[in-house]
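K.L.:
Dropping in my_file-v2.tsv, which is TSV, C-alpha atoms:
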```
chain	number	residue	atom	x	y	z
A	1	GLN	CA	176.91	-66.07	142.13
A	2	LYS	CA	174.86	-63.98	139.76
A	3	GLU	CA	171.52	-63.42	141.44
A	4	VAL	CA	168.11	-62.51	140.14
A	5	GLU	CA	165.69	-61.71	142.93
A	6	GLN	CA	161.91	-61.60	142.85
A	7	ASN	CA	159.31	-61.40	145.56
A	8	SER	CA	157.69	-64.83	145.62
A	9	GLY	CA	154.24	-63.45	146.43
A	10	PRO	CA	151.50	-64.29	146.08
A	11	LEU	CA	150.61	-60.90	144.74
A	12	SER	CA	146.85	-60.54	144.76
A	13	VAL	CA	145.13	-57.84	142.69
A	14	PRO	CA	141.48	-57.35	141.78
A	15	GLU	CA	140.33	-57.75	138.22
A	16	GLY	CA	140.90	-54.57	136.22
A	17	ALA	CA	143.69	-53.29	138.45
A	18	ILE	CA	147.36	-52.81	137.59
A	19	ALA	CA	149.72	-55.57	138.71
A	20	SER	CA	153.31	-54.53	139.34
A	21	LEU	CA	156.01	-57.18	139.36
A	22	ASN	CA	159.58	-56.39	140.31
A	23	CYS	CA	162.98	-57.94	139.78
A	24	THR	CA	166.51	-57.01	140.77
A	25	TYR	CA	169.73	-58.49	139.43
A	26	SER	CA	173.29	-58.47	140.64
A	27	ASP	CA	175.37	-58.81	137.45
A	28	ARG	CA	176.11	-55.28	136.25
A	29	VAL	CA	177.13	-56.45	132.79
A	30	SER	CA	173.69	-57.95	132.10
A	31	GLN	CA	172.50	-56.98	128.64
A	32	SER	CA	169.17	-58.68	128.00
A	33	PHE	CA	166.13	-58.98	130.19
A	34	PHE	CA	163.06	-61.12	129.76
A	35	TRP	CA	159.72	-61.72	131.38
A	36	TYR	CA	158.13	-65.13	131.10
A	37	ARG	CA	154.74	-66.30	132.30
A	38	GLN	CA	154.30	-69.83	133.58
A	39	TYR	CA	150.93	-71.39	134.29
A	40	SER	CA	150.83	-74.25	136.75
A	41	GLY	CA	152.02	-77.45	135.09
A	42	LYS	CA	153.09	-75.66	131.91
A	43	SER	CA	156.35	-74.37	130.51
A	44	PRO	CA	157.46	-70.71	130.52
A	45	GLU	CA	155.95	-68.52	127.82
A	46	LEU	CA	157.73	-65.35	126.70
A	47	ILE	CA	155.90	-62.12	127.44
A	48	MET	CA	158.47	-59.45	126.69
A	49	SER	CA	162.12	-58.72	126.25
A	50	ILE	CA	163.82	-55.41	127.04
A	51	TYR	CA	167.36	-54.26	126.38
A	52	SER	CA	167.48	-50.49	126.91
A	53	ASN	CA	166.72	-48.27	129.88
A	54	GLY	CA	163.18	-47.00	129.96
A	55	ASP	CA	159.78	-48.44	129.18
A	56	LYS	CA	158.66	-50.88	126.53
A	57	GLU	CA	154.96	-51.41	125.97
A	58	ASP	CA	153.18	-54.35	124.34
A	59	GLY	CA	149.43	-54.37	124.69
A	60	ARG	CA	148.51	-54.53	128.36
A	61	PHE	CA	152.12	-55.21	129.36
A	62	THR	CA	154.86	-52.66	130.05
A	63	ALA	CA	158.40	-53.61	130.93
A	64	GLN	CA	160.61	-51.08	132.65
A	65	LEU	CA	164.39	-51.26	132.89
A	66	ASN	CA	166.78	-49.24	135.03
A	67	LYS	CA	170.33	-50.52	134.59
A	68	ALA	CA	171.81	-48.04	137.05
A	69	SER	CA	169.58	-49.43	139.80
A	70	GLN	CA	169.79	-53.00	138.38
A	71	TYR	CA	166.05	-53.20	138.38
A	72	VAL	CA	163.49	-54.45	135.90
A	73	SER	CA	159.73	-54.50	136.34
A	74	LEU	CA	156.59	-55.64	134.56
A	75	LEU	CA	153.30	-53.81	134.73
A	76	ILE	CA	150.10	-55.56	133.71
A	77	ARG	CA	147.23	-53.16	133.09
A	78	ASP	CA	143.57	-54.17	133.28
A	79	SER	CA	144.54	-57.44	134.97
A	80	GLN	CA	142.36	-60.43	134.11
A	81	PRO	CA	141.85	-63.69	136.01
A	82	SER	CA	143.59	-65.40	133.08
A	83	ASP	CA	146.74	-63.47	134.04
A	84	SER	CA	146.96	-65.52	137.23
A	85	ALA	CA	150.26	-67.35	136.88
A	86	THR	CA	153.87	-67.25	138.01
A	87	TYR	CA	155.95	-64.53	136.36
A	88	LEU	CA	159.61	-65.25	135.86
A	89	CYS	CA	162.27	-62.61	135.39
A	90	ALA	CA	165.28	-63.77	133.38
A	91	VAL	CA	168.57	-62.03	132.80
A	92	ASN	CA	171.21	-62.78	130.20
A	93	GLY	CA	174.63	-61.68	131.31
A	94	ASN	CA	177.97	-61.65	129.63
A	95	SER	CA	178.57	-65.41	129.65
A	96	GLY	CA	176.94	-66.62	126.51
A	97	TYR	CA	173.24	-67.19	126.30
A	98	ALA	CA	172.59	-68.81	129.67
A	99	LEU	CA	169.53	-67.23	131.22
A	100	ASN	CA	169.64	-66.62	134.94
A	101	PHE	CA	166.11	-66.84	136.34
A	102	GLY	CA	164.49	-65.48	139.45
A	103	LYS	CA	162.31	-67.85	141.46
A	104	GLY	CA	159.22	-66.14	140.13
A	105	THR	CA	156.34	-64.11	141.53
A	106	SER	CA	152.95	-65.75	141.85
A	107	LEU	CA	150.17	-63.43	140.68
A	108	LEU	CA	146.52	-63.98	141.57
A	109	VAL	CA	143.90	-61.84	139.88
A	110	THR	CA	140.59	-62.07	141.72
A	111	PRO	CA	137.25	-61.50	139.95
B	1	LYS	CA	156.15	-72.37	112.42
B	2	ALA	CA	155.89	-75.31	114.73
B	3	GLY	CA	157.14	-74.72	118.22
B	4	VAL	CA	159.72	-76.52	120.28
B	5	THR	CA	158.93	-80.17	120.81
B	6	GLN	CA	160.21	-82.40	123.58
B	7	THR	CA	159.88	-86.12	124.04
B	8	PRO	CA	158.91	-87.90	126.10
B	9	ARG	CA	156.59	-85.67	128.10
B	10	TYR	CA	156.70	-87.85	131.19
B	11	LEU	CA	159.20	-90.37	132.48
B	12	ILE	CA	159.45	-92.51	135.58
B	13	LYS	CA	162.81	-94.03	136.39
B	14	THR	CA	164.47	-95.63	139.39
B	15	ARG	CA	167.67	-94.57	141.09
B	16	GLY	CA	170.81	-95.64	139.29
B	17	GLN	CA	169.20	-95.78	135.88
B	18	GLN	CA	169.99	-93.42	133.07
B	19	VAL	CA	167.67	-91.38	130.89
B	20	THR	CA	167.79	-89.62	127.54
B	21	LEU	CA	165.55	-86.70	126.70
B	22	SER	CA	165.03	-85.26	123.24
B	23	CYS	CA	164.34	-81.77	121.94
B	24	SER	CA	163.56	-80.46	118.47
B	25	PRO	CA	163.95	-76.70	118.14
B	26	ILE	CA	161.90	-74.30	116.08
B	27	SER	CA	162.70	-74.72	112.40
B	28	GLY	CA	165.72	-72.60	111.51
B	29	HIS	CA	166.91	-72.20	115.09
B	30	ARG	CA	170.42	-73.49	115.66
B	31	SER	CA	170.76	-72.97	119.39
B	32	VAL	CA	169.27	-75.31	121.98
B	33	SER	CA	169.55	-74.75	125.71
B	34	TRP	CA	168.51	-77.09	128.50
B	35	TYR	CA	167.20	-76.07	131.91
B	36	GLN	CA	166.17	-77.94	135.03
B	37	GLN	CA	163.22	-76.66	137.03
B	38	THR	CA	162.55	-77.78	140.60
B	39	PRO	CA	160.34	-76.22	143.29
B	40	GLY	CA	163.34	-75.54	145.50
B	41	GLN	CA	165.92	-74.25	143.04
B	42	GLY	CA	163.71	-72.81	140.33
B	43	LEU	CA	164.95	-72.76	136.76
B	44	GLN	CA	168.64	-73.55	136.39
B	45	PHE	CA	170.73	-73.56	133.23
B	46	LEU	CA	172.28	-76.88	132.26
B	47	PHE	CA	173.99	-76.28	128.91
B	48	GLU	CA	173.63	-74.74	125.49
B	49	TYR	CA	174.45	-76.18	122.09
B	50	PHE	CA	174.97	-74.31	118.85
B	51	SER	CA	175.87	-75.97	115.57
B	52	GLU	CA	176.62	-79.27	117.32
B	53	THR	CA	179.03	-77.64	119.79
B	54	GLN	CA	178.50	-77.06	123.48
B	55	ARG	CA	178.84	-73.32	123.81
B	56	ASN	CA	178.08	-72.87	127.49
B	57	LYS	CA	177.66	-75.08	130.53
B	58	GLY	CA	176.01	-74.57	133.87
B	59	ASN	CA	177.05	-75.82	137.27
B	60	PHE	CA	175.81	-79.39	137.15
B	61	PRO	CA	177.73	-82.63	137.74
B	62	GLY	CA	179.17	-84.62	134.88
B	63	ARG	CA	176.26	-87.06	135.08
B	64	PHE	CA	174.40	-84.49	133.01
B	65	SER	CA	175.49	-84.41	129.41
B	66	GLY	CA	174.10	-83.46	126.06
B	67	ARG	CA	174.68	-83.35	122.38
B	68	GLN	CA	173.31	-81.74	119.27
B	69	PHE	CA	172.87	-83.24	115.85
B	70	SER	CA	173.37	-81.68	112.43
B	71	ASN	CA	169.62	-81.02	112.13
B	72	SER	CA	169.81	-79.01	115.41
B	73	ARG	CA	167.87	-81.60	117.38
B	74	SER	CA	169.38	-82.09	120.80
B	75	GLU	CA	169.43	-84.77	123.44
B	76	MET	CA	170.39	-84.63	127.06
B	77	ASN	CA	171.39	-87.61	129.11
B	78	VAL	CA	171.43	-88.11	132.84
B	79	SER	CA	173.32	-91.12	134.12
B	80	THR	CA	173.13	-92.78	137.52
B	81	LEU	CA	169.89	-91.07	138.42
B	82	GLU	CA	169.40	-89.72	141.92
B	83	LEU	CA	166.16	-88.84	143.68
B	84	GLY	CA	167.13	-85.18	143.44
B	85	ASP	CA	167.11	-85.35	139.66
B	86	SER	CA	163.32	-85.42	139.71
B	87	ALA	CA	162.39	-82.23	137.92
B	88	LEU	CA	160.87	-80.63	134.87
B	89	TYR	CA	163.50	-80.53	132.14
B	90	LEU	CA	162.98	-77.73	129.70
B	91	CYS	CA	164.52	-77.19	126.33
B	92	ALA	CA	164.72	-73.71	124.81
B	93	SER	CA	165.25	-72.80	121.19
B	94	MET	CA	166.98	-69.63	120.03
B	95	GLY	CA	167.30	-68.12	116.58
B	96	GLU	CA	169.04	-64.99	115.32
B	97	THR	CA	168.01	-62.91	118.33
B	98	ASP	CA	168.83	-63.89	121.91
B	99	THR	CA	165.23	-64.69	122.77
B	100	GLN	CA	164.66	-68.22	123.98
B	101	TYR	CA	161.42	-70.09	123.42
B	102	PHE	CA	160.64	-73.02	125.64
B	103	GLY	CA	159.24	-76.40	124.80
B	104	PRO	CA	156.57	-78.12	126.90
B	105	GLY	CA	159.16	-79.91	129.03
B	106	THR	CA	159.78	-83.46	130.16
B	107	ARG	CA	158.61	-84.31	133.66
B	108	LEU	CA	161.11	-86.80	135.14
B	109	THR	CA	160.30	-88.67	138.31
B	110	VAL	CA	163.03	-90.72	139.94
B	111	LEU	CA	161.84	-93.36	142.42
```
Take the structure from the file and write it as structure tokens.
P.N.:
Amino acid sequence: QKEVEQNSGPLSVPEGAIASLNCTYSDRVSQSFFWYRQYSGKSPELIMSIYSNGDKEDGRFTAQLNKASQYVSLLIRDSQPSDSATYLCAVNGNSGYALNFGKGTSLLVTP
Amino acid sequence: KAGVTQTPRYLIKTRGQQVTLSCSPISGHRSVSWYQQTPGQGLQFLFEYFSETQRNKGNFPGRFSGRQFSNSRSEMNVSTLELGDSALYLCASMGETDTQYFGPGTRLTVL
């Protein structure tokens, strides 16, 4: 079973702080990694994709990938209450385009 | 470009019935994947279609089936509904990259 693990949270951070979300995966041949945001009652919305080791920045979001440690993270700088949502880590392995999702981390940004 | 559309948005069925859900991908996208989301299991891959062919299949019983038409629109069918089939069914559209974009989902309730 190819696993993607996330801490379910809730992760609570004050407004303006950095939120750090983590994800580990078990399939060593995984090639593509995605972060989605899902608001309650809505569908997942893509935040970022990352394919190579290192950091990838997009606005307030930074994804970090370490394939040797099988670890991917998402940093949200200057967190806003509107960032309060569930963040899903998804991994695409070597078996076609089926995404394997973690259960998600619930983030709460308090004013 | 218009996003992924799914119909219907909500469905209520009784056990033993069957249901058909529809998905129209982003214009130009030829791949459509289906996922089931439940509170207990999270997001799970059902199957993926590309150019009218099922390219990948998840670990779901044969009651779950799908198809794709020449215009890339896809349908999934669930026969002999069970209470445990109550879930949010999500369709994802993929173009030339391996990034998947989700539709709003169909909320299925089985009574």
K.L.:
Looking at B:Asn77, B:Thr5, B:Thr106, B:Ser24, which one is nearest to Leu46 of chain B, with distances taken over all atoms listed in the file?
P.N.:
B:Asn77
K.L.:
Quick one, how far is atom CA of Gly103 of chain B from atom CA of Ser51 of chain B?
P.N.:
19.0 Å
K.L.:
Grab the atom CA of Ile47 of chain A to atom CA of Gln64 of chain A distance for me, in Å with one decimal place.
P.N.:
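Answer for the atom CA of Ile47 of chain A to atom CA of Gln64 of chain A separation: 13.1 Å.
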K.L.:
First collect every listed atom of segment 57-63 of chain B; then fit an axis-aligned box around them, widen it by 6 Å on each side, and give centre and edge lengths in Å to one decimal, as lines of an AutoDock Vina configuration file.
P.N.:
```
center_x = 177.5
center_y = -80.8
center_z = 134.1
size_x = 15.4
size_y = 24.5
size_z = 19.2
```
K.L.:
With only C-alpha atoms as the basis for distance, which of B:Asp98, B:Ser22, B:Ser33, B:Phe50 is at the shortest distance from Tyr51 of chain A?
P.N.:
B:Asp98
K.L.:
For the atom pair atom CA of Arg60 of chain A and atom CA of Thr86 of chain A, what is the interatomic distance in Å to one decimal place?
P.N.:
16.8 Å
K.L.:
If the cut-off is 12 Å, can you tell me the residues of chain B near chain A, counting all atoms listed in the file? I'd like them as a ChimeraX atom specification.
P.N.:
/B:3-6,9,31-50,54-59,87-107
K.L.:
Find, counting only C-alpha atoms, the residue in B:Phe69, B:Ile26, B:Arg15, B:Thr20 that gets nearest to Gly84 of chain B.
P.N.:
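Result for the nearest residue to Gly84 of chain B: B:Arg15.
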K.L.:
Nearest to Leu81 of chain B among B:Gly28, B:Pro8, B:Gly16, B:Pro61, with distances taken over only C-alpha atoms: which residue is it?
P.N.:
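With only C-alpha atoms as the atom set, the closest residue is B:Gly16.
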K.L.:
With only C-alpha atoms counted, which protein, DNA or RNA residues have an atom no more than 10 Å from (164.0, -83.9, 110.7) in the file frame? Please answer as JSON, numbers by chain.
P.N.:
{"B": [24, 27, 70, 71, 72, 73]}
K.L.:
Give the answer as one residue: which of A:Ser106, A:Ser52, A:Leu21, A:Pro111 has the shortest atom-to-atom distance to Gly9 of chain A, using all atoms listed in the file?
P.N.:
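That would be A:Ser106, the residue with the smallest distance to Gly9 of chain A.
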K.L.:
Do you know which residues lie at most 7 Å from (171.3, -90.7, 137.7), with coordinates as in the file and all atoms listed in the file counted, and could you write them as a JSON list (two decimals) with C-alpha atoms, in the frame of the given file?
P.N.:
```
[["chain", "number", "residue", "atom", "x", "y", "z"],
["B", 15, "ARG", "CA", 167.67, -94.57, 141.09],
["B", 16, "GLY", "CA", 170.81, -95.64, 139.29],
["B", 17, "GLN", "CA", 169.20, -95.78, 135.88],
["B", 18, "GLN", "CA", 169.99, -93.42, 133.07],
["B", 63, "ARG", "CA", 176.26, -87.06, 135.08],
["B", 78, "VAL", "CA", 171.43, -88.11, 132.84],
["B", 79, "SER", "CA", 173.32, -91.12, 134.12],
["B", 80, "THR", "CA", 173.13, -92.78, 137.52],
["B", 81, "LEU", "CA", 169.89, -91.07, 138.42],
["B", 82, "GLU", "CA", 169.40, -89.72, 141.92]]
```
